[in-house]
Amino acid sequence: MGTITTIEEHASCGGRVGFYSHPSTTLGLEARFGVFLPARALAGEKVPVLFVLAGLTCTQETFLIKSNAVRFAAHHGLALVAPDTSPRGAAVPGEDETYDLGTGAGFYLDATTPAWRAHYRMSSYIDTELPQLVQDHFAVDGARRGIMGHSMGGHGALVHALTAPKAWKSVSAFAPICHPAIVPWGEKAFAAYLGPDRKAWARHDATLLLEAGHTHPTSILIDQGAADQFLHNQLRPDLLRVAAGAAGQALQLREHAGYDHSYWFIQSFIAEHIRHHATILDAT
């Protein structure tokens with residue numbers, strides 16, 4: 001059992017929000033994560049758990065503080081786990097120079113290029129080490145585990161769910177980067193983390209995964225603001241819709257007039273996402 005250090009804990013919505021650190025063997029660095037436990041979990045009952053992945057520049061605090069997810073997770077008796085968005089302090093040259101590469105921009109993948117591969121292993125961390133650590137220390141049921149995210153985190157949620165649907169039983173996203181292999185954010189990150197061979201990028205791109213036959217047994221829920229400033233040049237949900245249709249993947253892709261890329265958008269529809277996950281995870 002790995003050791004964790006409590007940074008802070010707060011009573012919230014009848015349960016508890018906490019932020020913790022631990023020495024990560026996967027990342028080779030100290031890592032931080034947040035957890036919300038509903039009242040049932042504090043009483044010792046193992047509850048379903050939803051991993052929430054934030055976007056570029058964010059930390060383990062952002063989604064839990066800004067999304068208003070805690071209130072609705074408490075209502076449904078659902079635990080939330082929020083990992084950081086990247087390793088911290090890896091000392092890779094250039095990792096702190098821009099907002100969309102390096103610190104705060106791990107893209108939830110395992111890097112393979114020499115400069116990044118030692119520490120930028122967020123895929124393995126989220127798939128294996130963090131779930132086990134959370135199960136060891138908190139009253140969560142690892143067999144009832146879902147994943148959701150926003151923007152870069154939405155990309156991460158879709159990719160993880162499509163590549164490991166037995167582990168991630170439910171999936172949703174807000175304004176995800178749907179086809180990172182062809183948009184500036186993704187091209188920059190993939191070239192740095194994975195190298196120039198675009199064939200190696202395919203398993204990290206939800207649209208390409210669907211085209212290759214990867215599907216999820218449940219319906220994928222995606223909400224997208226029609227006034228999102230990144231919609232047409234970075235997110236491309238239109239291409240994901242086409243790929244899902246061709247693959248026979250059930251998809252609820254909802255566009256909302258007037259909404260942008262911010263957490264104000266997420267707050268407006270988070271209740272429906274939490275209900276989406278709670279319905280699936282309680283039934284498994």
# chains A, B, ... in the order shown; residues from 1 in each chain; ligands from 1

$ residues_around --residues "Pro23 (chain A)" --least-positions-apart "4" --cutoff "12 Å" --atoms "only C-alpha atoms" --output "list of chain:residue names"
A:Met1, A:Gly2, A:Thr3, A:Ile4, A:Thr5, A:Leu27, A:Gly28, A:Leu29, A:Glu30, A:Ala31, A:Arg32, A:Phe33, A:Pro87, A:Arg88, A:Tyr125, A:Glu129, A:Leu130, A:Leu133

$ write_last_selection --atoms "C-alpha atoms" --output "compact mmCIF listing (two decimals), in the first residue's frame"
# COMPACT_ATOMS: atom_id res chain seq x y z
CA MET A 1 0.00 0.00 0.00
CA GLY A 2 1.44 3.36 -1.03
CA THR A 3 1.67 6.14 1.51
CA ILE A 4 -0.23 9.40 1.18
CA THR A 5 0.12 12.75 2.94
CA LEU A 27 5.87 9.40 -12.47
CA GLY A 28 9.03 9.25 -10.40
CA LEU A 29 7.96 12.43 -8.63
CA GLU A 30 5.67 13.60 -5.86
CA ALA A 31 2.10 13.70 -7.19
CA ARG A 32 -1.05 15.38 -5.91
CA PHE A 33 -4.70 14.47 -6.25
CA PRO A 87 3.88 15.72 -13.41
CA ARG A 88 5.43 18.66 -11.54
CA TYR A 125 -0.67 6.77 -13.55
CA GLU A 129 -1.33 3.55 -9.85
CA LEU A 130 -3.86 6.20 -8.80
CA LEU A 133 -3.91 4.04 -4.28

$ residues_around --residues "Asp110 (chain A)" --least-positions-apart "3" --cutoff "12 Å" --atoms "only C-alpha atoms" --output "JSON list (two decimals) with all heavy atoms, in the first residue's frame"
[["chain", "number", "residue", "atom", "x", "y", "z"],
["A", 26, "THR", "N", 5.17, 5.63, -10.66],
["A", 26, "THR", "CA", 4.96, 5.73, -12.11],
["A", 26, "THR", "C", 5.58, 7.00, -12.66],
["A", 26, "THR", "O", 6.26, 6.98, -13.69],
["A", 26, "THR", "CB", 3.46, 5.72, -12.43],
["A", 26, "THR", "OG1", 2.89, 4.51, -11.94],
["A", 26, "THR", "CG2", 3.22, 5.81, -13.93],
["A", 27, "LEU", "N", 5.36, 8.11, -12.00],
["A", 27, "LEU", "CA", 5.87, 9.40, -12.47],
["A", 27, "LEU", "C", 7.29, 9.67, -12.00],
["A", 27, "LEU", "O", 7.98, 10.53, -12.56],
["A", 27, "LEU", "CB", 4.95, 10.52, -11.99],
["A", 27, "LEU", "CG", 3.47, 10.40, -12.36],
["A", 27, "LEU", "CD1", 2.68, 11.59, -11.81],
["A", 27, "LEU", "CD2", 3.28, 10.29, -13.87],
["A", 86, "SER", "N", -0.53, 16.98, -14.95],
["A", 86, "SER", "CA", 0.80, 16.61, -15.44],
["A", 86, "SER", "C", 1.69, 16.31, -14.24],
["A", 86, "SER", "O", 1.33, 16.63, -13.10],
["A", 86, "SER", "CB", 1.43, 17.75, -16.25],
["A", 86, "SER", "OG", 1.89, 18.78, -15.38],
["A", 87, "PRO", "N", 2.87, 15.73, -14.47],
["A", 87, "PRO", "CA", 3.88, 15.72, -13.41],
["A", 87, "PRO", "C", 4.29, 17.15, -13.10],
["A", 87, "PRO", "O", 4.08, 18.07, -13.89],
["A", 87, "PRO", "CB", 5.05, 14.95, -14.04],
["A", 87, "PRO", "CG", 4.48, 14.24, -15.22],
["A", 87, "PRO", "CD", 3.35, 15.09, -15.70],
["A", 106, "GLY", "N", -0.11, 17.54, -19.53],
["A", 106, "GLY", "CA", 0.39, 16.18, -19.72],
["A", 106, "GLY", "C", -0.36, 15.36, -20.75],
["A", 106, "GLY", "O", 0.10, 14.30, -21.18],
["A", 107, "PHE", "N", -1.55, 15.81, -21.16],
["A", 107, "PHE", "CA", -2.38, 15.14, -22.17],
["A", 107, "PHE", "C", -2.75, 13.70, -21.81],
["A", 107, "PHE", "O", -3.21, 12.95, -22.66],
["A", 107, "PHE", "CB", -1.74, 15.21, -23.56],
["A", 107, "PHE", "CG", -2.13, 16.47, -24.31],
["A", 107, "PHE", "CD1", -1.50, 17.67, -24.02],
["A", 107, "PHE", "CD2", -3.14, 16.45, -25.26],
["A", 107, "PHE", "CE1", -1.86, 18.84, -24.67],
["A", 107, "PHE", "CE2", -3.51, 17.62, -25.92],
["A", 107, "PHE", "CZ", -2.88, 18.82, -25.63],
["A", 113, "THR", "N", 9.25, 9.85, -26.15],
["A", 113, "THR", "CA", 10.47, 10.49, -26.60],
["A", 113, "THR", "C", 11.44, 10.64, -25.43],
["A", 113, "THR", "O", 11.03, 10.75, -24.27],
["A", 113, "THR", "CB", 10.17, 11.87, -27.21],
["A", 113, "THR", "OG1", 9.43, 12.65, -26.26],
["A", 113, "THR", "CG2", 9.36, 11.74, -28.49],
["A", 114, "PRO", "N", 12.75, 10.64, -25.71],
["A", 114, "PRO", "CA", 13.75, 10.64, -24.63],
["A", 114, "PRO", "C", 13.60, 11.78, -23.63],
["A", 114, "PRO", "O", 13.79, 11.56, -22.42],
["A", 114, "PRO", "CB", 15.07, 10.74, -25.40],
["A", 114, "PRO", "CG", 14.80, 10.09, -26.71],
["A", 114, "PRO", "CD", 13.39, 10.48, -27.04],
["A", 116, "TRP", "N", 10.99, 13.30, -22.51],
["A", 116, "TRP", "CA", 9.77, 13.34, -21.70],
["A", 116, "TRP", "C", 9.40, 12.01, -21.05],
["A", 116, "TRP", "O", 8.61, 11.98, -20.10],
["A", 116, "TRP", "CB", 8.59, 13.79, -22.58],
["A", 116, "TRP", "CG", 8.76, 15.14, -23.18],
["A", 116, "TRP", "CD1", 9.27, 15.44, -24.42],
["A", 116, "TRP", "CD2", 8.43, 16.40, -22.58],
["A", 116, "TRP", "NE1", 9.27, 16.79, -24.62],
["A", 116, "TRP", "CE2", 8.76, 17.41, -23.51],
["A", 116, "TRP", "CE3", 7.88, 16.77, -21.35],
["A", 116, "TRP", "CZ2", 8.56, 18.76, -23.26],
["A", 116, "TRP", "CZ3", 7.67, 18.13, -21.09],
["A", 116, "TRP", "CH2", 8.02, 19.11, -22.04],
["A", 117, "ARG", "N", 9.95, 10.90, -21.51],
["A", 117, "ARG", "CA", 9.39, 9.61, -21.13],
["A", 117, "ARG", "C", 9.64, 9.21, -19.68],
["A", 117, "ARG", "O", 8.91, 8.36, -19.14],
["A", 117, "ARG", "CB", 9.90, 8.52, -22.06],
["A", 117, "ARG", "CG", 11.40, 8.27, -21.98],
["A", 117, "ARG", "CD", 11.85, 7.34, -23.10],
["A", 117, "ARG", "NE", 13.29, 7.10, -23.08],
["A", 117, "ARG", "CZ", 13.98, 6.63, -24.10],
["A", 117, "ARG", "NH1", 13.33, 6.34, -25.24],
["A", 117, "ARG", "NH2", 15.28, 6.45, -24.01],
["A", 118, "ALA", "N", 10.63, 9.78, -19.02],
["A", 118, "ALA", "CA", 10.93, 9.36, -17.66],
["A", 118, "ALA", "C", 9.82, 9.70, -16.68],
["A", 118, "ALA", "O", 9.52, 8.92, -15.77],
["A", 118, "ALA", "CB", 12.25, 10.00, -17.20],
["A", 119, "HIS", "N", 9.20, 10.86, -16.86],
["A", 119, "HIS", "CA", 8.21, 11.33, -15.88],
["A", 119, "HIS", "C", 6.82, 11.55, -16.46],
["A", 119, "HIS", "O", 5.83, 11.44, -15.71],
["A", 119, "HIS", "CB", 8.70, 12.63, -15.24],
["A", 119, "HIS", "CG", 10.01, 12.51, -14.53],
["A", 119, "HIS", "ND1", 10.16, 11.75, -13.39],
["A", 119, "HIS", "CD2", 11.23, 13.02, -14.82],
["A", 119, "HIS", "CE1", 11.43, 11.82, -12.99],
["A", 119, "HIS", "NE2", 12.10, 12.57, -13.84],
["A", 120, "TYR", "N", 6.72, 11.87, -17.72],
["A", 120, "TYR", "CA", 5.40, 12.18, -18.30],
["A", 120, "TYR", "C", 4.69, 10.88, -18.69],
["A", 120, "TYR", "O", 4.64, 10.49, -19.85],
["A", 120, "TYR", "CB", 5.56, 13.14, -19.48],
["A", 120, "TYR", "CG", 5.68, 14.57, -19.01],
["A", 120, "TYR", "CD1", 6.84, 15.02, -18.40],
["A", 120, "TYR", "CD2", 4.62, 15.46, -19.12],
["A", 120, "TYR", "CE1", 6.95, 16.32, -17.92],
["A", 120, "TYR", "CE2", 4.71, 16.76, -18.65],
["A", 120, "TYR", "CZ", 5.88, 17.18, -18.05],
["A", 120, "TYR", "OH", 5.97, 18.48, -17.57],
["A", 121, "ARG", "N", 4.13, 10.23, -17.65],
["A", 121, "ARG", "CA", 3.49, 8.92, -17.82],
["A", 121, "ARG", "C", 2.10, 8.96, -17.18],
["A", 121, "ARG", "O", 1.73, 8.10, -16.39],
["A", 121, "ARG", "CB", 4.37, 7.83, -17.21],
["A", 121, "ARG", "CG", 5.81, 7.82, -17.74],
["A", 121, "ARG", "CD", 6.61, 6.62, -17.26],
["A", 121, "ARG", "NE", 6.05, 5.38, -17.80],
["A", 121, "ARG", "CZ", 5.59, 4.38, -17.06],
["A", 121, "ARG", "NH1", 5.60, 4.47, -15.74],
["A", 121, "ARG", "NH2", 5.11, 3.30, -17.64],
["A", 122, "MET", "N", 1.33, 9.97, -17.55],
["A", 122, "MET", "CA", 0.02, 10.19, -16.94],
["A", 122, "MET", "C", -0.98, 9.10, -17.29],
["A", 122, "MET", "O", -1.90, 8.82, -16.51],
["A", 122, "MET", "CB", -0.53, 11.56, -17.34],
["A", 122, "MET", "CG", 0.24, 12.74, -16.76],
["A", 122, "MET", "SD", 0.28, 12.76, -14.95],
["A", 122, "MET", "CE", -1.46, 13.07, -14.58],
["A", 123, "SER", "N", -0.82, 8.45, -18.43],
["A", 123, "SER", "CA", -1.75, 7.38, -18.79],
["A", 123, "SER", "C", -1.64, 6.22, -17.82],
["A", 123, "SER", "O", -2.64, 5.75, -17.26],
["A", 123, "SER", "CB", -1.48, 6.90, -20.22],
["A", 123, "SER", "OG", -2.36, 5.85, -20.57],
["A", 124, "SER", "N", -0.43, 5.74, -17.59],
["A", 124, "SER", "CA", -0.24, 4.64, -16.65],
["A", 124, "SER", "C", -0.61, 5.05, -15.24],
["A", 124, "SER", "O", -1.15, 4.24, -14.47],
["A", 124, "SER", "CB", 1.22, 4.17, -16.68],
["A", 124, "SER", "OG", 1.52, 3.55, -17.92],
["A", 125, "TYR", "N", -0.33, 6.29, -14.89],
["A", 125, "TYR", "CA", -0.67, 6.77, -13.55],
["A", 125, "TYR", "C", -2.18, 6.72, -13.32],
["A", 125, "TYR", "O", -2.65, 6.25, -12.28],
["A", 125, "TYR", "CB", -0.15, 8.20, -13.38],
["A", 125, "TYR", "CG", -0.46, 8.81, -12.04],
["A", 125, "TYR", "CD1", 0.15, 8.36, -10.88],
["A", 125, "TYR", "CD2", -1.37, 9.87, -11.95],
["A", 125, "TYR", "CE1", -0.15, 8.94, -9.65],
["A", 125, "TYR", "CE2", -1.66, 10.46, -10.73],
["A", 125, "TYR", "CZ", -1.05, 9.98, -9.58],
["A", 125, "TYR", "OH", -1.35, 10.56, -8.36],
["A", 126, "ILE", "N", -2.95, 7.17, -14.29],
["A", 126, "ILE", "CA", -4.41, 7.22, -14.14],
["A", 126, "ILE", "C", -5.04, 5.84, -14.29],
["A", 126, "ILE", "O", -6.01, 5.51, -13.62],
["A", 126, "ILE", "CB", -5.00, 8.21, -15.16],
["A", 126, "ILE", "CG1", -4.62, 9.64, -14.77],
["A", 126, "ILE", "CG2", -6.52, 8.08, -15.24],
["A", 126, "ILE", "CD1", -4.89, 10.65, -15.85],
["A", 127, "ASP", "N", -4.47, 5.01, -15.14],
["A", 127, "ASP", "CA", -5.05, 3.68, -15.36],
["A", 127, "ASP", "C", -4.76, 2.71, -14.23],
["A", 127, "ASP", "O", -5.56, 1.83, -13.93],
["A", 127, "ASP", "CB", -4.51, 3.08, -16.67],
["A", 127, "ASP", "CG", -5.33, 3.48, -17.88],
["A", 127, "ASP", "OD1", -6.52, 3.79, -17.71],
["A", 127, "ASP", "OD2", -4.78, 3.47, -18.99],
["A", 156, "GLY", "N", -8.63, 13.07, -22.63],
["A", 156, "GLY", "CA", -8.12, 11.97, -21.82],
["A", 156, "GLY", "C", -9.20, 10.99, -21.43],
["A", 156, "GLY", "O", -9.00, 9.77, -21.48],
["A", 160, "HIS", "N", -9.10, 7.06, -22.63],
["A", 160, "HIS", "CA", -8.99, 6.01, -21.62],
["A", 160, "HIS", "C", -10.20, 5.07, -21.67],
["A", 160, "HIS", "O", -10.04, 3.85, -21.56],
["A", 160, "HIS", "CB", -8.84, 6.63, -20.23],
["A", 160, "HIS", "CG", -7.45, 7.09, -19.94],
["A", 160, "HIS", "ND1", -6.55, 6.35, -19.22],
["A", 160, "HIS", "CD2", -6.79, 8.22, -20.31],
["A", 160, "HIS", "CE1", -5.40, 6.99, -19.14],
["A", 160, "HIS", "NE2", -5.52, 8.14, -19.80],
["A", 189, "ALA", "N", 1.64, 18.78, -28.80],
["A", 189, "ALA", "CA", 1.89, 17.85, -27.70],
["A", 189, "ALA", "C", 2.35, 16.49, -28.20],
["A", 189, "ALA", "O", 3.30, 15.90, -27.66],
["A", 189, "ALA", "CB", 0.63, 17.71, -26.85],
["A", 190, "PHE", "N", 1.68, 15.95, -29.20],
["A", 190, "PHE", "CA", 2.02, 14.62, -29.69],
["A", 190, "PHE", "C", 3.42, 14.58, -30.31],
["A", 190, "PHE", "O", 4.16, 13.61, -30.12],
["A", 190, "PHE", "CB", 0.98, 14.15, -30.71],
["A", 190, "PHE", "CG", -0.34, 13.74, -30.12],
["A", 190, "PHE", "CD1", -0.60, 13.88, -28.77],
["A", 190, "PHE", "CD2", -1.34, 13.22, -30.93],
["A", 190, "PHE", "CE1", -1.83, 13.49, -28.23],
["A", 190, "PHE", "CE2", -2.57, 12.83, -30.41],
["A", 190, "PHE", "CZ", -2.82, 12.97, -29.05],
["A", 192, "ALA", "N", 5.95, 16.40, -29.46],
["A", 192, "ALA", "CA", 6.92, 16.45, -28.37],
["A", 192, "ALA", "C", 6.96, 15.15, -27.58],
["A", 192, "ALA", "O", 8.03, 14.61, -27.30],
["A", 192, "ALA", "CB", 6.60, 17.63, -27.45],
["A", 193, "TYR", "N", 5.78, 14.65, -27.20],
["A", 193, "TYR", "CA", 5.72, 13.49, -26.31],
["A", 193, "TYR", "C", 5.90, 12.16, -27.02],
["A", 193, "TYR", "O", 6.41, 11.20, -26.43],
["A", 193, "TYR", "CB", 4.36, 13.46, -25.59],
["A", 193, "TYR", "CG", 4.09, 14.62, -24.68],
["A", 193, "TYR", "CD1", 2.79, 15.13, -24.55],
["A", 193, "TYR", "CD2", 5.08, 15.22, -23.92],
["A", 193, "TYR", "CE1", 2.51, 16.19, -23.71],
["A", 193, "TYR", "CE2", 4.81, 16.29, -23.07],
["A", 193, "TYR", "CZ", 3.52, 16.77, -22.97],
["A", 193, "TYR", "OH", 3.24, 17.82, -22.14],
["A", 194, "LEU", "N", 5.45, 12.08, -28.28],
["A", 194, "LEU", "CA", 5.40, 10.78, -28.98],
["A", 194, "LEU", "C", 6.32, 10.72, -30.19],
["A", 194, "LEU", "O", 6.52, 9.63, -30.74],
["A", 194, "LEU", "CB", 3.97, 10.48, -29.42],
["A", 194, "LEU", "CG", 2.91, 10.47, -28.31],
["A", 194, "LEU", "CD1", 1.52, 10.36, -28.90],
["A", 194, "LEU", "CD2", 3.17, 9.34, -27.33],
["A", 195, "GLY", "N", 6.84, 11.86, -30.64],
["A", 195, "GLY", "CA", 7.72, 11.88, -31.79],
["A", 195, "GLY", "C", 6.98, 12.17, -33.08],
["A", 195, "GLY", "O", 5.75, 12.35, -33.10],
["A", 200, "ALA", "N", 1.97, 6.61, -34.52],
["A", 200, "ALA", "CA", 2.05, 6.39, -33.08],
["A", 200, "ALA", "C", 1.05, 7.26, -32.32],
["A", 200, "ALA", "O", 0.81, 7.04, -31.13],
["A", 200, "ALA", "CB", 3.47, 6.67, -32.58],
["A", 201, "TRP", "N", 0.49, 8.24, -32.98],
["A", 201, "TRP", "CA", -0.46, 9.14, -32.34],
["A", 201, "TRP", "C", -1.87, 8.54, -32.27],
["A", 201, "TRP", "O", -2.70, 8.99, -31.48],
["A", 201, "TRP", "CB", -0.55, 10.46, -33.09],
["A", 201, "TRP", "CG", 0.72, 11.24, -33.19],
["A", 201, "TRP", "CD1", 1.97, 10.88, -32.75],
["A", 201, "TRP", "CD2", 0.87, 12.53, -33.80],
["A", 201, "TRP", "NE1", 2.88, 11.87, -33.03],
["A", 201, "TRP", "CE2", 2.24, 12.89, -33.67],
["A", 201, "TRP", "CE3", -0.01, 13.40, -34.43],
["A", 201, "TRP", "CZ2", 2.74, 14.10, -34.17],
["A", 201, "TRP", "CZ3", 0.49, 14.62, -34.92],
["A", 201, "TRP", "CH2", 1.85, 14.95, -34.78],
["A", 203, "ARG", "N", -3.45, 5.88, -31.16],
["A", 203, "ARG", "CA", -4.09, 5.32, -29.96],
["A", 203, "ARG", "C", -4.37, 6.39, -28.91],
["A", 203, "ARG", "O", -4.94, 6.09, -27.87],
["A", 203, "ARG", "CB", -3.21, 4.22, -29.35],
["A", 203, "ARG", "CG", -2.01, 4.70, -28.57],
["A", 203, "ARG", "CD", -1.47, 3.62, -27.64],
["A", 203, "ARG", "NE", -2.46, 3.08, -26.75],
["A", 203, "ARG", "CZ", -2.82, 3.63, -25.60],
["A", 203, "ARG", "NH1", -2.29, 4.77, -25.21],
["A", 203, "ARG", "NH2", -3.73, 3.05, -24.83],
["A", 204, "HIS", "N", -3.99, 7.63, -29.19],
["A", 204, "HIS", "CA", -4.23, 8.73, -28.26],
["A", 204, "HIS", "C", -5.24, 9.73, -28.83],
["A", 204, "HIS", "O", -5.32, 10.86, -28.36],
["A", 204, "HIS", "CB", -2.91, 9.45, -27.96],
["A", 204, "HIS", "CG", -1.82, 8.53, -27.48],
["A", 204, "HIS", "ND1", -1.78, 8.04, -26.20],
["A", 204, "HIS", "CD2", -0.76, 7.99, -28.13],
["A", 204, "HIS", "CE1", -0.72, 7.25, -26.07],
["A", 204, "HIS", "NE2", -0.11, 7.20, -27.23]]

$ residues_around --residues "region 274-276 of chain A" --least-positions-apart "6" --cutoff "9 Å" --atoms "only C-alpha atoms" --output "NGL selection string"
:A and (50 or 69 or 72-73 or 76 or 78 or 170-172 or 221)

$ closest_residue --among "A:Ser12, A:Thr25, A:Thr279, A:Thr215" --to "Ile65 (chain A)" --atoms "only C-alpha atoms"
A:Ser12

$ residues_around --residues "Asp141 (chain A)" --least-positions-apart "3" --cutoff "6 Å" --atoms "only C-alpha atoms" --output "PyMOL selection string"
chain A and resi 46-48+144

$ atom_distance --atom1 "CA of Thr57 (chain A)" --atom2 "CA of Ala226 (chain A)"
22.4 Å

$ atom_distance --atom1 "CA of Leu210 (chain A)" --atom2 "CA of Leu162 (chain A)"
7.9 Å

$ residues_around --residues "Leu209 (chain A)" --least-positions-apart "2" --cutoff "10 Å" --atoms "only C-alpha atoms" --output "VMD selection string"
chain A and resid 158 to 159 162 to 163 179 202 to 207 211 to 215 240 243 to 244 247

$ closest_atom_pairs --of "region 47-138 of chain A" --to "region 147-155 of chain A" --cutoff "9 Å" --atoms "only C-alpha atoms" --output "JSON lines"
{"residue": "A:Val49", "atom": "CA", "partner": "A:Ile147", "partner_atom": "CA", "distance": 8.6}
{"residue": "A:Leu50", "atom": "CA", "partner": "A:Ile147", "partner_atom": "CA", "distance": 5.4}
{"residue": "A:Phe51", "atom": "CA", "partner": "A:Ile147", "partner_atom": "CA", "distance": 4.7}
{"residue": "A:Val52", "atom": "CA", "partner": "A:Met148", "partner_atom": "CA", "distance": 5.0}
{"residue": "A:Leu53", "atom": "CA", "partner": "A:Gly149", "partner_atom": "CA", "distance": 4.3}
{"residue": "A:Ala54", "atom": "CA", "partner": "A:Gly153", "partner_atom": "CA", "distance": 4.8}
{"residue": "A:Gly55", "atom": "CA", "partner": "A:Met152", "partner_atom": "CA", "distance": 4.5}
{"residue": "A:Leu56", "atom": "CA", "partner": "A:Met152", "partner_atom": "CA", "distance": 6.1}
{"residue": "A:Phe63", "atom": "CA", "partner": "A:His150", "partner_atom": "CA", "distance": 8.7}
{"residue": "A:Thr85", "atom": "CA", "partner": "A:Gly153", "partner_atom": "CA", "distance": 8.0}
{"residue": "A:Ala105", "atom": "CA", "partner": "A:Met152", "partner_atom": "CA", "distance": 7.9}
{"residue": "A:Gly106", "atom": "CA", "partner": "A:Met152", "partner_atom": "CA", "distance": 8.8}
{"residue": "A:Phe107", "atom": "CA", "partner": "A:Met152", "partner_atom": "CA", "distance": 6.1}
{"residue": "A:Tyr108", "atom": "CA", "partner": "A:Gly153", "partner_atom": "CA", "distance": 7.5}

$ residues_around --residues "Ala143 (chain A)" --least-positions-apart "5" --cutoff "9 Å" --atoms "only C-alpha atoms" --output "list in words"
Pro48, Val49, Ala167, Trp168, Lys169, Leu281 and Thr284 of chain A

$ write_last_selection --atoms "all heavy atoms" --output "mmCIF file, in the first residue's frame"
data_model
loop_
_atom_site.group_PDB
_atom_site.id
_atom_site.type_symbol
_atom_site.label_atom_id
_atom_site.label_comp_id
_atom_site.auth_asym_id
_atom_site.auth_seq_id
_atom_site.Cartn_x
_atom_site.Cartn_y
_atom_site.Cartn_z
ATOM 1 N N PRO A 48 -19.421 3.930 -5.702
ATOM 2 C CA PRO A 48 -18.865 4.114 -7.042
ATOM 3 C C PRO A 48 -17.963 5.344 -7.078
ATOM 4 O O PRO A 48 -18.128 6.280 -6.288
ATOM 5 C CB PRO A 48 -20.101 4.309 -7.918
ATOM 6 C CG PRO A 48 -21.238 3.778 -7.136
ATOM 7 C CD PRO A 48 -20.893 3.991 -5.697
ATOM 8 N N VAL A 49 -17.025 5.358 -8.032
ATOM 9 C CA VAL A 49 -16.049 6.450 -8.084
ATOM 10 C C VAL A 49 -15.924 6.960 -9.515
ATOM 11 O O VAL A 49 -15.885 6.191 -10.471
ATOM 12 C CB VAL A 49 -14.684 5.987 -7.531
ATOM 13 C CG1 VAL A 49 -14.134 4.779 -8.291
ATOM 14 C CG2 VAL A 49 -13.682 7.126 -7.522
ATOM 15 N N ALA A 167 -12.401 -1.325 -17.641
ATOM 16 C CA ALA A 167 -11.952 -0.628 -16.434
ATOM 17 C C ALA A 167 -12.778 0.620 -16.169
ATOM 18 O O ALA A 167 -13.120 0.928 -15.023
ATOM 19 C CB ALA A 167 -10.477 -0.256 -16.563
ATOM 20 N N TRP A 168 -13.092 1.344 -17.246
ATOM 21 C CA TRP A 168 -13.852 2.591 -17.129
ATOM 22 C C TRP A 168 -15.269 2.320 -17.611
ATOM 23 O O TRP A 168 -15.541 2.282 -18.805
ATOM 24 C CB TRP A 168 -13.175 3.695 -17.948
ATOM 25 C CG TRP A 168 -11.740 3.906 -17.562
ATOM 26 C CD1 TRP A 168 -10.626 3.467 -18.229
ATOM 27 C CD2 TRP A 168 -11.263 4.578 -16.398
ATOM 28 N NE1 TRP A 168 -9.489 3.850 -17.564
ATOM 29 C CE2 TRP A 168 -9.842 4.535 -16.434
ATOM 30 C CE3 TRP A 168 -11.893 5.231 -15.316
ATOM 31 C CZ2 TRP A 168 -9.050 5.103 -15.437
ATOM 32 C CZ3 TRP A 168 -11.101 5.800 -14.334
ATOM 33 C CH2 TRP A 168 -9.704 5.734 -14.395
ATOM 34 N N LYS A 169 -16.189 2.140 -16.674
ATOM 35 C CA LYS A 169 -17.527 1.641 -16.996
ATOM 36 C C LYS A 169 -18.455 2.721 -17.559
ATOM 37 O O LYS A 169 -19.496 2.401 -18.126
ATOM 38 C CB LYS A 169 -18.160 1.041 -15.726
ATOM 39 C CG LYS A 169 -17.348 -0.100 -15.124
ATOM 40 C CD LYS A 169 -17.272 -1.294 -16.062
ATOM 41 C CE LYS A 169 -16.411 -2.416 -15.496
ATOM 42 N NZ LYS A 169 -16.917 -2.968 -14.245
ATOM 43 N N LEU A 281 -23.053 3.423 -13.165
ATOM 44 C CA LEU A 281 -22.195 2.790 -12.159
ATOM 45 C C LEU A 281 -23.005 2.078 -11.075
ATOM 46 O O LEU A 281 -22.561 1.063 -10.531
ATOM 47 C CB LEU A 281 -21.270 3.828 -11.535
ATOM 48 C CG LEU A 281 -20.274 4.474 -12.511
ATOM 49 C CD1 LEU A 281 -19.446 5.526 -11.793
ATOM 50 C CD2 LEU A 281 -19.369 3.430 -13.143
ATOM 51 N N THR A 284 -23.974 -1.441 -12.430
ATOM 52 C CA THR A 284 -22.970 -2.451 -12.760
ATOM 53 C C THR A 284 -22.613 -3.283 -11.534
ATOM 54 O O THR A 284 -22.932 -2.924 -10.419
ATOM 55 C CB THR A 284 -21.700 -1.783 -13.310
ATOM 56 O OG1 THR A 284 -21.190 -0.847 -12.347
ATOM 57 C CG2 THR A 284 -21.992 -1.067 -14.606
#

$ atom_distance --atom1 "CA of His277 (chain A)" --atom2 "CA of Gly146 (chain A)"
6.6 Å

$ residues_around --residues "Leu37 (chain A)" --least-positions-apart "6" --cutoff "12 Å" --atoms "only C-alpha atoms" --output "PyMOL selection string"
chain A and resi 9-19+43-50+64+69-82+134+137-141

$ closest_residue --among "A:Asn68, A:Gln135, A:His22, A:Ala191" --to "Ala41 (chain A)" --atoms "only C-alpha atoms"
A:Gln135
